[in-house]
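S.K.: Below is one structure. I have some questions about it.
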Amino acid sequence: MNRRMHEWSRAEGERRIREVLDNAKAGSPQTISDVDGSFEIRFVAISEKERAGDFLARGGPDKQ
């Protein structure tokens, strides 16, 4: 897939929302133009989070 931004009209973006989201997830930012401005759609992956118990078990910073 090509990674360049693609621009959609609001009506077309609404009709083809799955394609808009799939393209954004594949790394190609999407723009949906509205009469008052535009929406920029980018996919941001959730990073793997550390479990709270593991975080707390590590303790605080070492004092020297």
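As shown in the structure tokens, the chain order sets the letters A, B, ...; within each chain, residues go from 1, and ligands are also counted from 1 in the order they appear.
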Excluding Phe39 of chain A and residues on its chain fewer than 3 positions from it, collect all residues at most 10 Å away from it, counting only C-alpha atoms, and give them as a PyMOL selection string.

M.R.: chain A and resi 7-8+10+30-34+42

S.K.: Once DSSP has gone over the backbone, tell me which residues of chain A are in strand (DSSP E), as a list in words.

M.R.: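 The strand (DSSP E) subset of chain A is His6, Glu7, Trp8, Ser9, Gln30, Thr31, Ile32, Ser33, Asp34, Gly37, Ser38, Phe39, Glu40 and Ile41 of chain A.
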
S.K.: Please measure the separation of atom CA of Ser28 of chain A and atom CA of Met5 of chain A, giving the value in Å to one decimal.

M.R.: 5.5 Å

S.K.: Would you compute the distance between atom CA of His6 of chain A and atom CA of Gly37 of chain A? Give it in Å to one decimal.

M.R.: 15.5 Å

S.K.: Could you tell me, as a list of chain:residue names, which residues of chain A DSSP assigns to alpha helix (DSSP H) when given the backbone?

M.R.: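 Everything in chain A that counts as alpha helix (DSSP H) is A:Arg10, A:Ala11, A:Glu12, A:Gly13, A:Glu14, A:Arg15, A:Ile17, A:Arg18, A:Glu19, A:Val20, A:Leu21, A:Asp22, A:Asn23, A:Ala24, A:Lys25, A:Ala52, A:Gly53, A:Asp54, A:Phe55, A:Leu56, A:Ala57.
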
S.K.: Name the closest residue to Ile41 of chain A among the candidates A:Ala11, A:Ala57, A:Val20, A:Ala26; distances are taken between atoms, counting only C-alpha atoms.

M.R.: A:Val20
